[in-house]
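Single-structure report; data block below.
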Amino acid sequence: MIKPQFDIPCVILCGGKSSRMGEDKALLPFSNYNSLAQYQYERLKPYFKEIYLSSKTNKFDFLKDSENHKNTDIIYDNISDESSPLIALKSILEFINLTKAFIITVDTPFVKISSIQRLITNSTISNITIAVTSKEHNLCGIYNKSCLSLIDTMILDNNHKIGNLINNTTSSKIKFYDENEFLNLNKIEDYKKALSIIR
C-alpha cells in the first residue's frame, strides 16, 4: 500500500441531486468499480490518512459490505433537507479535527494526485484554495475551518453560492491547463466521454 502523502483529510462530495444526469451519478458504474463513489474513494484513499464521503445517507454498498469500510467513513450533511454544497461544507468543517480539508466532487474522477499536491502546497496563505482552468472549479480545493462563520452567515441569508463564499474571504486560484483533468460529469454525454477516457 502507498504511504499517505497528505496530512489533511480528503472529503468526496456525493450528496448532489444529479438532476442533469437523471440518476444519482455517485452510484453510476465506473472503470472496474460498481460506482463512481467507490472509484474516487479507492483511488484517493492511499494518499490521505483520512478520507470521507459527504452524503445525506449511506447509499454506498462498498461501505456496507466491507469490514474495512465503516459508517465513520461518511460525513452526513443533515443540517438541512436542502441539497447544497454550502450545507455540506458546513458539516465537513465542523466534523474534521484539523484546520482544513481537501474537497473534491465525486464527478471529477481525473484530477491528478500531483495537482492535488500542488493545491495543498499553495493552501498556506488563504482560507480557500481552488483549481482554475478556463473556469473556476470551486469544489476542487482546500477549505479552512476559518470559513465557518461566513458560511453560517450565508446560510442564514439563504445565500448558497460557493462563488460568493470564495469572493468574500481570502482565496487562492491555482491555474491548470488540462481541461479533461477537471472534466465534470454533469450530463450523460459527460459520463460517456469519461468512460471512453478511462478505457
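Simple scheme: letters A, B, ... for chains in C-alpha cells order, numbers from 1 for residues in each chain, numbers from 1 for ligands in the order shown.
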Picked from chain A by DSSP as alpha helix (DSSP H), as a PyMOL selection string = chain A and resi 36-44+61-64+85-95+113-121+148-156+162-167+188-198
Using only C-alpha atoms, please write the residues we just selected to a file, as a PDB file, in the first residue's frame.
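The new file selection11.pdb reads:
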ATOM      1  CA  LEU A  36     -18.167   6.383  -9.243  1.00  0.00           C
ATOM      2  CA  ALA A  37     -18.111   6.948  -5.474  1.00  0.00           C
ATOM      3  CA  GLN A  38     -16.164   3.726  -4.922  1.00  0.00           C
ATOM      4  CA  TYR A  39     -13.776   4.604  -7.775  1.00  0.00           C
ATOM      5  CA  GLN A  40     -12.966   8.004  -6.271  1.00  0.00           C
ATOM      6  CA  TYR A  41     -12.734   6.622  -2.731  1.00  0.00           C
ATOM      7  CA  GLU A  42     -10.353   3.770  -3.623  1.00  0.00           C
ATOM      8  CA  ARG A  43      -8.302   5.969  -5.973  1.00  0.00           C
ATOM      9  CA  LEU A  44      -7.673   8.702  -3.402  1.00  0.00           C
ATOM     10  CA  ASP A  61     -22.766  -0.708  -0.951  1.00  0.00           C
ATOM     11  CA  PHE A  62     -18.984  -0.926  -0.806  1.00  0.00           C
ATOM     12  CA  LEU A  63     -19.052   0.639   2.672  1.00  0.00           C
ATOM     13  CA  LYS A  64     -21.807  -1.657   3.903  1.00  0.00           C
ATOM     14  CA  PRO A  85     -22.628  22.338  -1.312  1.00  0.00           C
ATOM     15  CA  LEU A  86     -22.531  25.057   1.341  1.00  0.00           C
ATOM     16  CA  ILE A  87     -24.512  22.859   3.762  1.00  0.00           C
ATOM     17  CA  ALA A  88     -22.103  20.008   3.015  1.00  0.00           C
ATOM     18  CA  LEU A  89     -19.104  22.295   3.629  1.00  0.00           C
ATOM     19  CA  LYS A  90     -20.506  23.373   6.997  1.00  0.00           C
ATOM     20  CA  SER A  91     -20.958  19.739   8.041  1.00  0.00           C
ATOM     21  CA  ILE A  92     -17.461  18.841   6.858  1.00  0.00           C
ATOM     22  CA  LEU A  93     -15.634  21.735   8.508  1.00  0.00           C
ATOM     23  CA  GLU A  94     -17.473  21.171  11.791  1.00  0.00           C
ATOM     24  CA  PHE A  95     -16.640  17.456  11.674  1.00  0.00           C
ATOM     25  CA  ILE A 113      -2.561  13.405  -7.390  1.00  0.00           C
ATOM     26  CA  SER A 114       0.182  15.821  -8.478  1.00  0.00           C
ATOM     27  CA  SER A 115      -2.477  18.510  -8.966  1.00  0.00           C
ATOM     28  CA  ILE A 116      -3.916  17.832  -5.509  1.00  0.00           C
ATOM     29  CA  GLN A 117      -0.402  18.135  -4.094  1.00  0.00           C
ATOM     30  CA  ARG A 118       0.023  21.488  -5.842  1.00  0.00           C
ATOM     31  CA  LEU A 119      -3.255  22.758  -4.379  1.00  0.00           C
ATOM     32  CA  ILE A 120      -2.294  21.647  -0.877  1.00  0.00           C
ATOM     33  CA  THR A 121       1.186  23.173  -1.159  1.00  0.00           C
ATOM     34  CA  LEU A 148     -17.312  28.579   9.104  1.00  0.00           C
ATOM     35  CA  SER A 149     -18.563  31.899  10.464  1.00  0.00           C
ATOM     36  CA  LEU A 150     -19.064  33.254   6.931  1.00  0.00           C
ATOM     37  CA  ILE A 151     -20.758  30.012   5.874  1.00  0.00           C
ATOM     38  CA  ASP A 152     -23.151  30.310   8.830  1.00  0.00           C
ATOM     39  CA  THR A 153     -23.998  33.898   7.855  1.00  0.00           C
ATOM     40  CA  MET A 154     -24.575  32.927   4.225  1.00  0.00           C
ATOM     41  CA  ILE A 155     -26.874  30.035   5.196  1.00  0.00           C
ATOM     42  CA  LEU A 156     -28.901  32.362   7.423  1.00  0.00           C
ATOM     43  CA  ILE A 162     -19.939  28.793  -3.263  1.00  0.00           C
ATOM     44  CA  GLY A 163     -18.607  31.531  -5.556  1.00  0.00           C
ATOM     45  CA  ASN A 164     -19.852  34.155  -3.100  1.00  0.00           C
ATOM     46  CA  LEU A 165     -18.053  32.369  -0.264  1.00  0.00           C
ATOM     47  CA  ILE A 166     -14.810  32.330  -2.259  1.00  0.00           C
ATOM     48  CA  ASN A 167     -15.117  36.001  -3.248  1.00  0.00           C
ATOM     49  CA  ILE A 188     -24.951  11.650 -19.722  1.00  0.00           C
ATOM     50  CA  GLU A 189     -22.703  12.953 -22.538  1.00  0.00           C
ATOM     51  CA  ASP A 190     -20.014  13.805 -19.967  1.00  0.00           C
ATOM     52  CA  TYR A 191     -20.331  10.350 -18.417  1.00  0.00           C
ATOM     53  CA  LYS A 192     -19.930   8.656 -21.813  1.00  0.00           C
ATOM     54  CA  LYS A 193     -16.876  10.817 -22.548  1.00  0.00           C
ATOM     55  CA  ALA A 194     -15.361   9.879 -19.181  1.00  0.00           C
ATOM     56  CA  LEU A 195     -15.972   6.186 -19.873  1.00  0.00           C
ATOM     57  CA  SER A 196     -14.142   6.497 -23.195  1.00  0.00           C
ATOM     58  CA  ILE A 197     -11.211   8.252 -21.481  1.00  0.00           C
ATOM     59  CA  ILE A 198     -10.924   5.692 -18.669  1.00  0.00           C
TER      60      ILE A 198
END
Might you pull out every residue within 7 Å of region 133-146 of chain A, with only C-alpha atoms counted and same-chain residues fewer than 6 positions away left off, and present them as a list in words?
->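 Once the adjacent positions are removed, what remains is Leu93, Thr99, Lys100, Ala101, Phe102, Ile103, Ile104, Thr105, Leu119, Ile120, Ser123, Asn127, Ile162, Gly163, Lys175, Phe176, Tyr177 and Glu179 of chain A.
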Quick one, how far is CA of Thr129 (chain A) from CA of Ala26 (chain A)?
-> 24.2 Å
Hey, can you check how far CA of Val132 (chain A) sits from CA of Glu181 (chain A)?
->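 Atom-to-atom, CA of Val132 (chain A) and CA of Glu181 (chain A) are spaced 11.2 Å apart.
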re CA of Ser84 (chain A) and CA of Asn180 (chain A): distance 25.2 Å
If you run DSSP on the backbone, which residues of chain A are strand (DSSP E), as a PyMOL selection string?
-> chain A and resi 10-13+51-55+74-76+100-105+128-132+136-144+171-175
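Using only C-alpha atoms, the shortest contact distance between Ser172 (chain A) and any of A:Thr108, A:Asn184, A:Asn122, A:Asn158 is found at A:Asn122.
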I'd like the contact shell of Asn78 (chain A) - 10 Å cut-off, only C-alpha atoms, skipping same-chain residues fewer than 3 positions apart - returned as a PDB file with all heavy atoms, in the first residue's frame.
ATOM      1  N   SER A  55     -22.426  12.880   2.368  1.00  0.00           N
ATOM      2  CA  SER A  55     -23.711  12.433   1.821  1.00  0.00           C
ATOM      3  C   SER A  55     -24.796  12.586   2.876  1.00  0.00           C
ATOM      4  O   SER A  55     -24.500  12.686   4.072  1.00  0.00           O
ATOM      5  CB  SER A  55     -23.596  10.957   1.399  1.00  0.00           C
ATOM      6  OG  SER A  55     -24.822  10.461   0.912  1.00  0.00           O
ATOM      7  N   LYS A  56     -26.043  12.609   2.435  1.00  0.00           N
ATOM      8  CA  LYS A  56     -27.155  12.664   3.382  1.00  0.00           C
ATOM      9  C   LYS A  56     -27.485  11.290   3.962  1.00  0.00           C
ATOM     10  O   LYS A  56     -28.061  11.179   5.039  1.00  0.00           O
ATOM     11  CB  LYS A  56     -28.398  13.264   2.713  1.00  0.00           C
ATOM     12  CG  LYS A  56     -28.244  14.755   2.423  1.00  0.00           C
ATOM     13  CD  LYS A  56     -29.563  15.407   2.082  1.00  0.00           C
ATOM     14  CE  LYS A  56     -29.399  16.909   1.900  1.00  0.00           C
ATOM     15  NZ  LYS A  56     -28.965  17.603   3.111  1.00  0.00           N
ATOM     16  N   THR A  57     -27.118  10.223   3.221  1.00  0.00           N
ATOM     17  CA  THR A  57     -27.396   8.852   3.670  1.00  0.00           C
ATOM     18  C   THR A  57     -26.212   7.948   3.313  1.00  0.00           C
ATOM     19  O   THR A  57     -25.381   8.309   2.482  1.00  0.00           O
ATOM     20  CB  THR A  57     -28.652   8.273   2.979  1.00  0.00           C
ATOM     21  OG1 THR A  57     -28.425   8.265   1.558  1.00  0.00           O
ATOM     22  CG2 THR A  57     -29.897   9.114   3.285  1.00  0.00           C
ATOM     23  N   ILE A  75     -19.465  11.606   6.245  1.00  0.00           N
ATOM     24  CA  ILE A  75     -19.836  12.831   6.963  1.00  0.00           C
ATOM     25  C   ILE A  75     -21.230  13.187   6.468  1.00  0.00           C
ATOM     26  O   ILE A  75     -21.422  13.513   5.292  1.00  0.00           O
ATOM     27  CB  ILE A  75     -18.848  13.979   6.687  1.00  0.00           C
ATOM     28  CG1 ILE A  75     -17.430  13.597   7.138  1.00  0.00           C
ATOM     29  CG2 ILE A  75     -19.313  15.253   7.409  1.00  0.00           C
ATOM     30  CD1 ILE A  75     -16.369  14.619   6.788  1.00  0.00           C
ATOM     31  N   ASP A  81     -32.566  19.836   5.020  1.00  0.00           N
ATOM     32  CA  ASP A  81     -33.058  18.946   3.966  1.00  0.00           C
ATOM     33  C   ASP A  81     -32.577  19.404   2.589  1.00  0.00           C
ATOM     34  O   ASP A  81     -32.607  18.633   1.629  1.00  0.00           O
ATOM     35  CB  ASP A  81     -34.594  18.902   3.972  1.00  0.00           C
ATOM     36  CG  ASP A  81     -35.125  18.179   5.200  1.00  0.00           C
ATOM     37  OD1 ASP A  81     -34.374  17.353   5.763  1.00  0.00           O
ATOM     38  OD2 ASP A  81     -36.271  18.441   5.594  1.00  0.00           O
ATOM     39  N   GLU A  82     -32.161  20.646   2.504  1.00  0.00           N
ATOM     40  CA  GLU A  82     -31.740  21.206   1.225  1.00  0.00           C
ATOM     41  C   GLU A  82     -30.426  20.578   0.759  1.00  0.00           C
ATOM     42  O   GLU A  82     -29.520  20.323   1.556  1.00  0.00           O
ATOM     43  CB  GLU A  82     -31.563  22.719   1.360  1.00  0.00           C
ATOM     44  CG  GLU A  82     -31.256  23.403   0.055  1.00  0.00           C
ATOM     45  CD  GLU A  82     -31.401  24.914   0.141  1.00  0.00           C
ATOM     46  OE1 GLU A  82     -31.816  25.420   1.194  1.00  0.00           O
ATOM     47  OE2 GLU A  82     -31.104  25.581  -0.861  1.00  0.00           O
ATOM     48  N   SER A  83     -30.335  20.275  -0.547  1.00  0.00           N
ATOM     49  CA  SER A  83     -29.086  19.796  -1.134  1.00  0.00           C
ATOM     50  C   SER A  83     -28.282  21.002  -1.578  1.00  0.00           C
ATOM     51  O   SER A  83     -28.614  21.648  -2.555  1.00  0.00           O
ATOM     52  CB  SER A  83     -29.376  18.881  -2.329  1.00  0.00           C
ATOM     53  OG  SER A  83     -29.868  17.649  -1.898  1.00  0.00           O
ATOM     54  N   ILE A  87     -24.079  23.665   2.612  1.00  0.00           N
ATOM     55  CA  ILE A  87     -24.512  22.859   3.762  1.00  0.00           C
ATOM     56  C   ILE A  87     -23.505  21.734   3.995  1.00  0.00           C
ATOM     57  O   ILE A  87     -23.117  21.443   5.127  1.00  0.00           O
ATOM     58  CB  ILE A  87     -25.913  22.271   3.523  1.00  0.00           C
ATOM     59  CG1 ILE A  87     -26.973  23.387   3.399  1.00  0.00           C
ATOM     60  CG2 ILE A  87     -26.297  21.290   4.619  1.00  0.00           C
ATOM     61  CD1 ILE A  87     -27.308  24.095   4.671  1.00  0.00           C
ATOM     62  N   ALA A  88     -23.092  21.087   2.906  1.00  0.00           N
ATOM     63  CA  ALA A  88     -22.103  20.008   3.015  1.00  0.00           C
ATOM     64  C   ALA A  88     -20.790  20.542   3.601  1.00  0.00           C
ATOM     65  O   ALA A  88     -20.192  19.909   4.476  1.00  0.00           O
ATOM     66  CB  ALA A  88     -21.872  19.373   1.652  1.00  0.00           C
ATOM     67  N   SER A  91     -21.032  21.028   7.348  1.00  0.00           N
ATOM     68  CA  SER A  91     -20.958  19.739   8.041  1.00  0.00           C
ATOM     69  C   SER A  91     -19.529  19.216   8.078  1.00  0.00           C
ATOM     70  O   SER A  91     -19.065  18.705   9.101  1.00  0.00           O
ATOM     71  CB  SER A  91     -21.863  18.713   7.354  1.00  0.00           C
ATOM     72  OG  SER A  91     -23.196  19.155   7.304  1.00  0.00           O
TER      73      SER A  91
END
Which of A:Ile130, A:Val11, A:Ser171, A:Tyr47 sits closest to Tyr76 (chain A) [using only C-alpha atoms] |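 Looking only at the distances to Tyr76 (chain A), the closest residue turns out to be A:Val11.
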Residues at most 6 Å from Val106 (chain A), counting only C-alpha atoms, excluding those fewer than 6 positions away in the same chain, as JSON, numbers by chain?
-> {"A": [12, 13, 14, 37]}
Selected residues written out with all heavy atoms, as a PDB file, in the first residue's frame:
ATOM      1  N   ILE A  12     -14.971  13.565  -0.266  1.00  0.00           N
ATOM      2  CA  ILE A  12     -15.575  13.454  -1.594  1.00  0.00           C
ATOM      3  C   ILE A  12     -17.061  13.795  -1.484  1.00  0.00           C
ATOM      4  O   ILE A  12     -17.810  13.123  -0.759  1.00  0.00           O
ATOM      5  CB  ILE A  12     -15.408  12.028  -2.157  1.00  0.00           C
ATOM      6  CG1 ILE A  12     -13.926  11.632  -2.166  1.00  0.00           C
ATOM      7  CG2 ILE A  12     -16.012  11.931  -3.554  1.00  0.00           C
ATOM      8  CD1 ILE A  12     -13.694  10.137  -2.353  1.00  0.00           C
ATOM      9  N   LEU A  13     -17.490  14.840  -2.178  1.00  0.00           N
ATOM     10  CA  LEU A  13     -18.882  15.276  -2.122  1.00  0.00           C
ATOM     11  C   LEU A  13     -19.757  14.375  -2.989  1.00  0.00           C
ATOM     12  O   LEU A  13     -19.564  14.284  -4.194  1.00  0.00           O
ATOM     13  CB  LEU A  13     -19.005  16.722  -2.598  1.00  0.00           C
ATOM     14  CG  LEU A  13     -18.232  17.780  -1.803  1.00  0.00           C
ATOM     15  CD1 LEU A  13     -18.431  19.153  -2.434  1.00  0.00           C
ATOM     16  CD2 LEU A  13     -18.663  17.804  -0.348  1.00  0.00           C
ATOM     17  N   CYS A  14     -20.736  13.718  -2.352  1.00  0.00           N
ATOM     18  CA  CYS A  14     -21.601  12.754  -3.051  1.00  0.00           C
ATOM     19  C   CYS A  14     -23.084  13.040  -2.840  1.00  0.00           C
ATOM     20  O   CYS A  14     -23.928  12.184  -3.132  1.00  0.00           O
ATOM     21  CB  CYS A  14     -21.318  11.341  -2.548  1.00  0.00           C
ATOM     22  SG  CYS A  14     -19.635  10.779  -2.722  1.00  0.00           S
ATOM     23  N   ALA A  37     -18.518   6.651  -6.858  1.00  0.00           N
ATOM     24  CA  ALA A  37     -18.111   6.948  -5.474  1.00  0.00           C
ATOM     25  C   ALA A  37     -17.011   5.994  -5.021  1.00  0.00           C
ATOM     26  O   ALA A  37     -16.011   6.409  -4.417  1.00  0.00           O
ATOM     27  CB  ALA A  37     -19.311   6.859  -4.539  1.00  0.00           C
TER      28      ALA A  37
END
